[in-house]
>>> print(open('upload-v4.cif').read())   # mmCIF, C-alpha atoms
data_target
loop_
_atom_site.label_atom_id
_atom_site.label_comp_id
_atom_site.auth_asym_id
_atom_site.auth_seq_id
_atom_site.Cartn_x
_atom_site.Cartn_y
_atom_site.Cartn_z
CA MET A 1 105.26 106.88 124.85
CA THR A 2 108.22 105.15 123.17
CA THR A 3 111.56 106.94 123.12
CA ALA A 4 114.65 106.85 120.95
CA VAL A 5 116.50 105.13 123.83
CA ASP A 6 114.21 102.11 123.48
CA THR A 7 115.21 101.54 119.85
CA GLY A 8 118.85 102.56 119.63
CA ILE A 9 117.85 104.73 116.65
CA ASP A 10 118.04 108.53 116.57
CA LEU A 11 116.44 110.15 113.51
CA ALA A 12 117.39 113.59 114.87
CA ASP A 13 121.12 112.88 114.73
CA LEU A 14 123.34 113.52 111.71
CA ALA A 15 125.07 110.18 112.39
CA PHE A 16 121.91 108.33 111.36
CA TRP A 17 121.81 110.09 107.98
CA ARG A 18 125.49 109.35 107.34
CA ARG A 19 124.72 105.63 107.29
CA PRO A 20 124.19 103.74 104.03
CA PRO A 21 120.61 103.83 102.71
CA HIS A 22 120.06 100.09 103.23
CA GLU A 23 120.93 100.43 106.93
CA ARG A 24 118.55 103.36 107.36
CA GLU A 25 115.80 101.39 105.61
CA ARG A 26 116.35 98.50 108.03
CA ASP A 27 115.94 100.85 111.00
CA PHE A 28 112.79 102.39 109.55
CA ALA A 29 111.38 98.86 109.17
CA ARG A 30 112.03 98.34 112.89
CA LEU A 31 110.24 101.59 113.70
CA ARG A 32 107.25 100.59 111.55
CA SER A 33 106.98 97.34 113.51
CA LEU A 34 106.52 99.14 116.83
CA PRO A 35 103.02 99.68 118.23
CA HIS A 36 103.32 103.47 118.63
CA PRO A 37 105.02 106.38 116.86
CA VAL A 38 108.43 106.96 118.45
CA PHE A 39 109.40 110.26 120.04
CA PHE A 40 112.86 111.66 119.24
CA PRO A 41 114.22 114.46 121.45
CA GLU A 42 116.17 117.28 119.88
CA ARG A 43 118.95 119.32 121.35
CA ARG A 44 119.33 123.01 120.68
CA VAL A 45 120.71 123.75 117.20
CA PRO A 46 122.46 127.10 116.70
CA LEU A 47 120.58 129.46 114.33
CA LEU A 48 117.54 127.18 114.37
CA ARG A 49 114.37 127.18 116.44
CA SER A 50 114.93 124.94 119.46
CA GLY A 51 112.32 122.32 120.26
CA LYS A 52 111.68 119.44 122.58
CA GLY A 53 111.55 116.93 119.74
CA PHE A 54 109.12 115.19 117.42
CA HIS A 55 107.14 112.00 116.91
CA ALA A 56 108.14 110.08 113.79
CA LEU A 57 105.25 109.05 111.55
CA VAL A 58 106.79 106.18 109.59
CA ARG A 59 103.84 104.09 108.44
CA HIS A 60 101.99 104.78 105.20
CA ALA A 61 98.65 105.07 106.98
CA GLU A 62 100.08 107.60 109.46
CA VAL A 63 101.54 109.81 106.74
CA VAL A 64 98.30 109.71 104.74
CA GLU A 65 96.18 110.46 107.82
CA ALA A 66 98.27 113.46 108.82
CA SER A 67 98.48 114.76 105.23
CA ARG A 68 94.72 114.68 104.77
CA ASN A 69 94.07 116.37 108.11
CA ALA A 70 95.86 119.68 107.57
CA LYS A 71 93.66 121.38 110.16
CA VAL A 72 95.20 119.29 112.96
CA PHE A 73 98.64 118.72 111.43
CA SER A 74 99.61 122.24 110.48
CA SER A 75 102.38 123.30 108.09
CA GLU A 76 102.88 126.47 110.10
CA PRO A 77 105.30 127.78 111.21
CA ALA A 78 107.56 125.62 109.00
CA VAL A 79 107.85 122.16 107.47
CA THR A 80 111.62 121.73 107.62
CA ASN A 81 113.13 119.72 110.43
CA PRO A 82 114.34 121.37 112.68
CA GLU A 83 112.41 124.57 112.12
CA PRO A 84 114.18 127.79 111.13
CA PRO A 85 113.95 130.73 113.55
CA GLY A 86 111.03 133.11 113.24
CA TRP A 87 113.08 135.91 111.66
CA VAL A 88 113.59 133.85 108.49
CA LYS A 89 110.05 134.44 107.25
CA HIS A 90 110.40 138.17 107.86
CA VAL A 91 113.44 138.20 105.57
CA PHE A 92 112.27 135.74 102.91
CA GLY A 93 108.49 135.93 103.22
CA ASP A 94 106.05 133.08 103.81
CA SER A 95 106.64 130.17 101.46
CA MET A 96 103.47 128.45 100.30
CA VAL A 97 104.72 125.14 101.67
CA ASN A 98 104.80 126.64 105.19
CA LEU A 99 101.23 127.96 105.15
CA ASP A 100 97.78 126.65 105.97
CA ASP A 101 94.48 127.66 104.42
CA PRO A 102 93.20 130.22 103.70
CA ARG A 103 96.59 131.82 102.94
CA HIS A 104 97.91 128.62 101.37
CA ALA A 105 94.78 128.25 99.23
CA ARG A 106 95.10 131.83 97.97
CA LEU A 107 98.72 131.41 96.87
CA ARG A 108 98.09 127.99 95.36
CA ARG A 109 95.12 129.38 93.42
CA ILE A 110 97.26 132.15 91.93
CA VAL A 111 100.20 129.96 90.88
CA SER A 112 98.26 126.83 89.91
CA ARG A 113 97.42 128.19 86.48
CA ALA A 114 101.08 127.66 85.55
CA PHE A 115 100.57 123.92 86.09
CA SER A 116 97.25 123.41 84.29
CA PRO A 117 97.12 120.58 81.70
CA LYS A 118 96.89 123.17 78.92
CA MET A 119 99.96 125.05 80.13
CA LEU A 120 101.97 121.87 80.64
CA SER A 121 101.10 120.49 77.21
CA GLY A 122 102.37 123.72 75.72
CA LEU A 123 105.78 123.04 77.23
CA ASN A 124 106.30 119.68 75.51
CA ASP A 125 108.03 120.95 72.38
CA GLY A 126 110.37 123.20 74.37
CA ILE A 127 111.28 120.43 76.81
CA ALA A 128 111.92 118.03 73.92
CA LYS A 129 114.27 120.53 72.25
CA VAL A 130 116.26 120.99 75.44
CA ALA A 131 116.45 117.22 75.97
CA GLU A 132 117.72 116.81 72.42
CA ARG A 133 120.38 119.47 72.99
CA ILE A 134 121.46 117.83 76.25
CA VAL A 135 121.98 114.48 74.54
CA ASP A 136 123.80 116.21 71.66
CA ASP A 137 126.21 117.64 74.22
CA VAL A 138 126.67 114.29 75.96
CA VAL A 139 127.52 112.61 72.64
CA LYS A 140 129.97 115.40 71.83
CA GLU A 141 131.62 115.60 75.28
CA GLY A 142 131.47 111.94 76.24
CA PRO A 143 129.99 110.58 79.47
CA ARG A 144 131.41 111.90 82.76
CA ASP A 145 128.74 112.71 85.33
CA PHE A 146 125.07 112.01 84.70
CA VAL A 147 123.93 114.64 87.20
CA SER A 148 125.82 117.64 85.84
CA GLN A 149 125.53 116.62 82.17
CA VAL A 150 121.90 115.47 82.14
CA ALA A 151 119.73 115.42 85.27
CA ALA A 152 120.63 118.87 86.63
CA ARG A 153 120.27 120.70 83.33
CA LEU A 154 116.71 120.03 82.22
CA PRO A 155 114.58 120.97 85.28
CA ILE A 156 116.30 124.30 85.91
CA HIS A 157 116.11 125.20 82.22
CA VAL A 158 112.37 124.48 82.17
CA ILE A 159 111.73 126.51 85.34
CA CYS A 160 113.79 129.43 84.06
CA GLU A 161 111.94 129.31 80.74
CA MET A 162 108.56 129.30 82.48
CA MET A 163 109.51 132.20 84.73
CA GLY A 164 111.21 134.20 81.97
CA ILE A 165 114.62 134.29 83.67
CA PRO A 166 117.15 135.91 81.29
CA ASP A 167 119.82 133.63 79.82
CA GLY A 168 122.62 135.74 81.27
CA ILE A 169 121.83 134.88 84.90
CA ARG A 170 120.78 131.23 84.56
CA ALA A 171 124.23 129.87 85.39
CA LYS A 172 124.15 131.89 88.61
CA VAL A 173 120.66 130.55 89.39
CA HIS A 174 121.99 127.00 89.03
CA GLU A 175 124.90 127.77 91.35
CA HIS A 176 122.66 129.27 94.03
CA VAL A 177 120.28 126.29 93.90
CA ASP A 178 123.14 123.86 94.52
CA VAL A 179 124.30 125.90 97.54
CA SER A 180 120.78 126.28 98.95
CA THR A 181 120.19 122.50 98.98
CA ALA A 182 123.52 121.61 100.60
CA TYR A 183 122.37 122.50 104.15
CA THR A 184 121.40 119.31 105.95
CA GLY A 185 119.25 120.74 108.73
CA VAL A 186 120.19 118.02 111.23
CA ARG A 187 122.25 118.38 114.38
CA MET A 188 125.91 119.21 113.79
CA SER A 189 128.78 121.19 115.26
CA LEU A 190 128.39 124.92 115.80
CA PRO A 191 131.05 125.99 113.23
CA ARG A 192 129.58 123.79 110.53
CA THR A 193 126.04 124.88 111.34
CA VAL A 194 126.95 128.56 111.13
CA ALA A 195 128.90 128.15 107.89
CA MET A 196 126.34 126.01 106.07
CA ALA A 197 123.33 127.99 107.29
CA GLY A 198 125.02 131.23 106.26
CA ARG A 199 125.73 129.99 102.73
CA ASN A 200 122.22 128.59 102.46
CA MET A 201 120.58 131.87 103.51
CA ALA A 202 122.82 133.90 101.20
CA ALA A 203 121.94 131.69 98.23
CA LEU A 204 118.22 131.86 98.92
CA PHE A 205 118.38 135.62 99.36
CA ALA A 206 120.24 136.00 96.05
CA LEU A 207 117.61 133.91 94.23
CA GLN A 208 114.78 135.94 95.71
CA ARG A 209 116.48 139.23 94.88
CA MET A 210 116.91 138.13 91.26
CA VAL A 211 113.26 137.31 90.70
CA ILE A 212 111.92 140.25 92.73
CA ASN A 213 113.93 142.62 90.53
CA LEU A 214 112.64 140.84 87.46
CA GLY A 215 109.10 141.09 88.82
CA ARG A 216 109.41 144.86 89.12
CA GLU A 217 110.53 145.01 85.50
CA ARG A 218 107.59 142.85 84.40
CA GLU A 219 105.14 145.08 86.27
CA ARG A 220 106.33 148.00 84.14
CA GLU A 221 106.73 146.01 80.93
CA PRO A 222 104.82 142.70 80.99
CA SER A 223 106.06 139.85 78.82
CA ASP A 224 104.77 136.40 77.87
CA ASP A 225 106.15 134.61 80.91
CA LEU A 226 105.05 133.37 84.31
CA VAL A 227 106.62 136.22 86.28
CA SER A 228 104.53 138.71 84.32
CA ALA A 229 101.39 136.69 84.98
CA LEU A 230 102.09 136.41 88.70
CA VAL A 231 102.91 140.06 89.43
CA ASN A 232 100.09 141.56 87.38
CA ALA A 233 96.49 141.15 88.56
CA ASN A 234 94.48 138.31 87.03
CA VAL A 235 90.77 138.41 86.24
CA ASP A 236 89.97 138.09 89.95
CA GLY A 237 92.33 140.91 90.86
CA GLU A 238 94.82 138.55 92.54
CA ARG A 239 98.59 138.75 92.20
CA LEU A 240 101.72 137.94 94.17
CA SER A 241 103.54 140.50 96.26
CA PRO A 242 107.32 140.82 95.70
CA LYS A 243 108.10 138.63 98.74
CA GLU A 244 105.51 136.06 97.69
CA LEU A 245 107.02 135.95 94.21
CA GLY A 246 110.49 135.44 95.67
CA SER A 247 109.28 132.66 97.97
CA PHE A 248 107.46 130.92 95.13
CA PHE A 249 110.52 131.08 92.88
CA THR A 250 112.82 129.53 95.48
CA LEU A 251 110.23 126.85 96.26
CA LEU A 252 109.88 126.05 92.56
CA LEU A 253 113.64 125.91 92.08
CA VAL A 254 114.37 123.79 95.12
CA ALA A 255 111.32 121.49 95.22
CA GLY A 256 110.52 121.41 91.50
CA ASN A 257 114.10 121.10 90.37
CA GLU A 258 115.26 118.60 92.97
CA THR A 259 112.36 116.17 92.52
CA ALA A 260 112.83 115.75 88.77
CA ARG A 261 116.62 115.92 88.92
CA ASN A 262 117.00 113.30 91.63
CA THR A 263 114.38 110.96 90.22
CA MET A 264 116.22 110.98 86.90
CA ALA A 265 119.60 110.40 88.54
CA HIS A 266 118.44 107.63 90.88
CA GLY A 267 116.43 106.13 88.02
CA VAL A 268 119.38 105.51 85.71
CA LYS A 269 121.11 103.64 88.56
CA LEU A 270 117.99 101.60 89.38
CA LEU A 271 117.48 100.64 85.74
CA THR A 272 121.14 99.59 85.52
CA ASP A 273 120.90 97.47 88.66
CA ASN A 274 117.61 95.91 87.47
CA PRO A 275 118.29 94.87 83.85
CA GLY A 276 114.98 93.05 83.54
CA GLU A 277 113.07 96.26 84.30
CA ARG A 278 115.29 98.16 81.91
CA GLU A 279 114.56 95.71 79.09
CA ARG A 280 110.86 95.97 79.85
CA LEU A 281 110.99 99.77 79.64
CA VAL A 282 113.07 99.92 76.45
CA GLY A 283 110.91 97.24 74.82
CA ASP A 284 107.70 99.22 75.34
CA PHE A 285 108.61 102.74 76.42
CA ASP A 286 105.16 104.29 76.10
CA GLY A 287 103.55 101.35 77.87
CA HIS A 288 105.90 101.40 80.85
CA ILE A 289 107.37 104.87 81.31
CA GLY A 290 104.48 106.01 83.51
CA GLY A 291 104.93 103.04 85.84
CA ALA A 292 108.70 103.46 85.80
CA ILE A 293 108.44 107.07 86.95
CA GLU A 294 106.01 106.26 89.77
CA GLU A 295 108.08 103.30 90.95
CA THR A 296 111.28 105.33 90.88
CA VAL A 297 109.67 108.13 92.91
CA ARG A 298 108.39 105.53 95.39
CA HIS A 299 111.72 103.77 95.60
CA VAL A 300 113.86 106.86 96.22
CA SER A 301 111.45 109.41 97.80
CA PRO A 302 113.23 112.54 96.49
CA ILE A 303 111.94 114.58 99.45
CA MET A 304 112.37 112.37 102.48
CA GLN A 305 110.38 114.17 105.17
CA PHE A 306 108.23 117.12 106.18
CA ARG A 307 107.38 118.44 109.64
CA ARG A 308 103.93 119.30 111.00
CA THR A 309 102.75 121.07 114.17
CA VAL A 310 99.74 119.69 116.02
CA THR A 311 97.00 122.27 116.61
CA GLU A 312 94.59 120.35 118.88
CA GLU A 313 94.28 117.20 120.95
CA TYR A 314 94.56 114.18 118.67
CA GLU A 315 95.22 110.46 119.10
CA MET A 316 97.10 108.27 116.64
CA ARG A 317 98.02 104.64 117.28
CA GLY A 318 97.82 105.01 121.04
CA VAL A 319 99.76 108.29 121.28
CA ARG A 320 97.91 111.36 122.48
CA PHE A 321 99.21 114.49 120.75
CA ALA A 322 98.77 117.89 122.41
CA PRO A 323 98.66 121.33 120.75
CA GLY A 324 102.18 122.41 119.89
CA ASP A 325 103.56 118.89 119.55
CA LYS A 326 105.66 118.19 116.48
CA VAL A 327 105.41 115.23 114.13
CA VAL A 328 107.60 114.40 111.13
CA LEU A 329 106.19 112.63 108.09
CA PHE A 330 108.85 110.24 106.78
CA TYR A 331 107.85 109.68 103.16
CA GLY A 332 110.70 107.29 102.43
CA SER A 333 109.60 104.98 105.23
CA ALA A 334 105.93 105.18 104.22
CA ASN A 335 106.92 104.21 100.68
CA ARG A 336 108.48 100.99 102.01
CA ASP A 337 105.57 100.04 104.26
CA GLU A 338 105.12 96.26 104.04
CA GLU A 339 101.42 96.59 104.81
CA VAL A 340 100.88 98.57 101.59
CA PHE A 341 103.63 97.48 99.18
CA GLN A 342 104.36 93.82 98.56
CA ASP A 343 108.12 93.19 98.63
CA PRO A 344 108.76 96.95 99.02
CA GLY A 345 112.50 96.72 98.42
CA ARG A 346 111.97 95.34 94.92
CA TYR A 347 112.08 97.77 91.98
CA ASP A 348 109.09 96.88 89.80
CA ILE A 349 107.97 99.29 87.07
CA THR A 350 104.73 97.31 86.63
CA ARG A 351 103.75 97.69 90.30
CA LYS A 352 99.98 98.21 90.59
CA PRO A 353 98.55 99.75 92.58
CA ASN A 354 101.32 102.09 93.61
CA PRO A 355 99.88 104.56 96.14
CA HIS A 356 103.25 106.09 97.02
CA VAL A 357 103.62 109.40 98.83
CA GLY A 358 106.77 110.47 96.99
CA PHE A 359 105.07 113.69 95.89
CA GLY A 360 103.71 114.23 99.40
CA GLY A 361 100.65 112.67 100.94
CA PRO A 362 97.10 113.37 99.73
CA GLY A 363 95.63 116.67 100.80
CA PRO A 364 96.12 120.39 100.20
CA HIS A 365 99.92 120.17 100.12
CA PHE A 366 100.25 117.49 97.44
CA CYS A 367 103.08 118.58 95.13
CA LEU A 368 101.78 121.19 92.70
CA GLY A 369 104.56 120.44 90.20
CA ALA A 370 104.19 116.63 90.20
CA ASN A 371 102.88 116.49 86.63
CA LEU A 372 105.61 118.83 85.40
CA ALA A 373 108.25 116.57 86.97
CA ARG A 374 106.67 113.50 85.34
CA GLN A 375 106.63 115.27 82.00
CA GLU A 376 110.30 116.27 82.22
CA ILE A 377 111.42 112.77 83.19
CA LYS A 378 109.38 111.13 80.44
CA ILE A 379 110.73 113.38 77.69
CA MET A 380 114.33 113.19 78.93
CA TYR A 381 114.26 109.40 79.26
CA ARG A 382 112.70 109.02 75.83
CA GLU A 383 115.56 110.99 74.30
CA LEU A 384 118.19 109.08 76.27
CA PHE A 385 116.95 105.56 75.66
CA THR A 386 116.15 106.23 72.00
CA ARG A 387 119.50 107.74 71.05
CA LEU A 388 121.72 106.09 73.68
CA PRO A 389 120.10 102.66 74.21
CA GLY A 390 123.21 101.40 76.00
CA ILE A 391 123.22 104.14 78.62
CA ARG A 392 123.96 102.81 82.10
CA ALA A 393 125.22 103.94 85.49
CA VAL A 394 128.84 103.23 86.38
CA GLY A 395 129.81 102.84 90.01
CA GLU A 396 127.90 104.04 93.04
CA PRO A 397 126.28 107.49 93.28
CA GLU A 398 127.68 110.17 95.53
CA LEU A 399 124.77 111.20 97.74
CA LEU A 400 124.22 114.48 99.56
CA LEU A 401 124.40 114.19 103.34
CA SER A 402 120.90 115.33 104.22
CA ASN A 403 117.85 114.33 106.22
CA PHE A 404 115.55 116.13 103.77
CA ASP A 405 116.69 115.92 100.16
CA ASN A 406 117.59 112.49 98.71
CA SER A 407 119.95 114.19 96.31
CA VAL A 408 122.52 112.61 94.00
CA ARG A 409 125.58 114.85 93.80
CA SER A 410 127.21 112.82 91.05
CA GLN A 411 126.75 109.54 89.18
CA GLY A 412 129.18 108.07 86.68
CA PHE A 413 127.68 106.68 83.49
CA ALA A 414 128.52 105.20 80.09
CA PHE A 415 126.74 104.38 76.86
#
>>> encode(input="upload-v4.cif", output="structure tokens")
Amino acid sequence: MTTAVDTGIDLADLAFWRRPPHERERDFARLRSLPHPVFFPERRVPLLRSGKGFHALVRHAEVVEASRNAKVFSSEPAVTNPEPPGWVKHVFGDSMVNLDDPRHARLRRIVSRAFSPKMLSGLNDGIAKVAERIVDDVVKEGPRDFVSQVAARLPIHVICEMMGIPDGIRAKVHEHVDVSTAYTGVRMSLPRTVAMAGRNMAALFALQRMVINLGREREREPSDDLVSALVNANVDGERLSPKELGSFFTLLLVAGNETARNTMAHGVKLLTDNPGERERLVGDFDGHIGGAIEETVRHVSPIMQFRRTVTEEYEMRGVRFAPGDKVVLFYGSANRDEEVFQDPGRYDITRKPNPHVGFGGPGPHFCLGANLARQEIKIMYRELFTRLPGIRAVGEPELLLSNFDNSVRSQGFAF
């Protein structure tokens, strides 16, 4: 077994995630070159479930293998790293992302109808209208911050529209989402851990309370929205309980919102730094936007990692895992694997094939909202590059300090 001491790298320490992205990528390349997955010990983190540590799965093949084999690499009890304490699920309910089949399959079956091709195609006109309004506002206000003026607005609006969230509380939803994603989850001082975890839990609880209350209203008086569909029995008699509805809403807001938002924000910077790719996209938008989205997701990996718990004896690249062992799937590292991607540091919107794992690896937990995120980015970029063809990033992005969410807090821009 290889240890963190052997490499001088510690993926469990906040200091690693403070380093510039190019330095972290260099260390992940070193880890990929080693013959075995590296074990990283963890110290006790206040308010979080203590553990002995985890093996880092950093190669593309490792991430794909673990993702496909959900029976051995379980999402229960939690996929965040480190894991939250057991009482969290009693307060917030079981999120679909933290479940295995058959419970995961049941929840996914109920909510998947919101992401069918027919349902998504019906959203196009509404998304286009919001994108048009966003650009109208940018032209009127002038460029300041691409995240707050553009990238953060569209995904939350779309999710709130789908769910039927009233206009009067949408600003508060946005505020709670920002707070809930600010908690890093890596080792830090006790005061900071307590403060950040407390704010995070309060924000998540507020979001769940909002949608649970709305769900009760929709049970009494159904409307033409997703909340009504989820809390009232479908043709098979299935529906979500109040806690399940709350968990799904927070998952949709955090995962669905952050993936599209951060891909858009990172993308405008990548297209600015790679003018040849930008010219290629603008010159044939319909021909290249699909490739541009996939390459941007690969390049930035909006969600950087997920944790799995081993359920039975299993061997991978010379390491024998035992039941109860933890592994962490590092999507960002897998998306830079030299054995899969030629010149992985290069941003190439024509890259084919592009088997990235930016929406999660293949298997039952592949991102349910991936096509919605693609749709939002495509429509928003079309509006931007059609009406503001000179749009470009200015300066470096301010990134969230996190080991989980590759989030852009702000990005200057001009047009």
>>> atom_distance(input="upload-v4.cif", atom1="CA of Gly318 (chain A)", atom2="CA of Val38 (chain A)")
11.1 Å
>>> closest_residue(input="upload-v4.cif", among="A:His104, A:Arg220, A:Arg153, A:Arg280", to="Ile127 (chain A)", atoms="all atoms listed in the file")
A:Arg153
>>> residues_around(input="upload-v4.cif", residues="Gly53 (chain A)", least_positions_apart="3", cutoff="8 Å", atoms="all atoms listed in the file", output="list in words")
Phe39, Phe40, Pro41, Glu42, Arg43 and Lys326 of chain A
>>> closest_residue(input="upload-v4.cif", among="A:Asn257, A:Ser402, A:Ser75, A:Ser33", to="Cys160 (chain A)", atoms="only C-alpha atoms")
A:Asn257
>>> residues_around(input="upload-v4.cif", residues="Gln342 (chain A)", least_positions_apart="5", cutoff="10 Å", atoms="all atoms listed in the file", output="MDAnalysis selection string")
chainID A and resid 336:337 351
>>> atom_distance(input="upload-v4.cif", atom1="CA of Glu65 (chain A)", atom2="CA of Pro37 (chain A)")
13.3 Å
>>> resolve_selection(input="upload-v4.cif", expression="the PyMOL selection byres ((chain A and resi 79) around 9)", output="PyMOL selection string")
chain A and resi 74-78+80-83+97-98+305-309+328
>>> closest_residue(input="upload-v4.cif", among="A:Glu294, A:Asp94, A:Ala206, A:Glu383", to="Lys243 (chain A)", atoms="all atoms listed in the file")
A:Asp94
>>> residues_around(input="upload-v4.cif", residues="Met119 (chain A)", least_positions_apart="6", cutoff="10 Å", atoms="only C-alpha atoms", output="tab-separated table (two decimals) with C-alpha atoms, in the frame of the given file")
chain	number	residue	atom	x	y	z
A	113	ARG	CA	97.42	128.19	86.48
A	162	MET	CA	108.56	129.30	82.48
A	372	LEU	CA	105.61	118.83	85.40
>>> residues_near_point(input="upload-v4.cif", point="(97.8, 115.4, 106.0)", cutoff="9 Å", atoms="all atoms listed in the file", output="ChimeraX atom specification")
/A:62-74,308,360-365
>>> resolve_selection(input="upload-v4.cif", expression="the PyMOL selection byres ((chain A and resi 212) around 12)", output="count of residues only")
33
>>> residues_around(input="upload-v4.cif", residues="Arg170 (chain A)", least_positions_apart="5", cutoff="10 Å", atoms="all atoms listed in the file", output="mmCIF file with C-alpha atoms, in the frame of the given file")
data_model
loop_
_atom_site.group_PDB
_atom_site.id
_atom_site.type_symbol
_atom_site.label_atom_id
_atom_site.label_comp_id
_atom_site.auth_asym_id
_atom_site.auth_seq_id
_atom_site.Cartn_x
_atom_site.Cartn_y
_atom_site.Cartn_z
ATOM 1 C CA ILE A 156 116.300 124.300 85.910
ATOM 2 C CA HIS A 157 116.110 125.200 82.220
ATOM 3 C CA CYS A 160 113.790 129.430 84.060
ATOM 4 C CA GLU A 161 111.940 129.310 80.740
ATOM 5 C CA ILE A 165 114.620 134.290 83.670
ATOM 6 C CA GLU A 175 124.900 127.770 91.350
ATOM 7 C CA HIS A 176 122.660 129.270 94.030
#
>>> closest_residue(input="upload-v4.cif", among="A:Ile159, A:Ile110, A:Ala15, A:Val254", to="Asp178 (chain A)", atoms="only C-alpha atoms")
A:Val254
>>> closest_residue(input="upload-v4.cif", among="A:Glu221, A:Asp348, A:Glu23, A:Glu315", to="His36 (chain A)", atoms="all atoms listed in the file")
A:Glu315
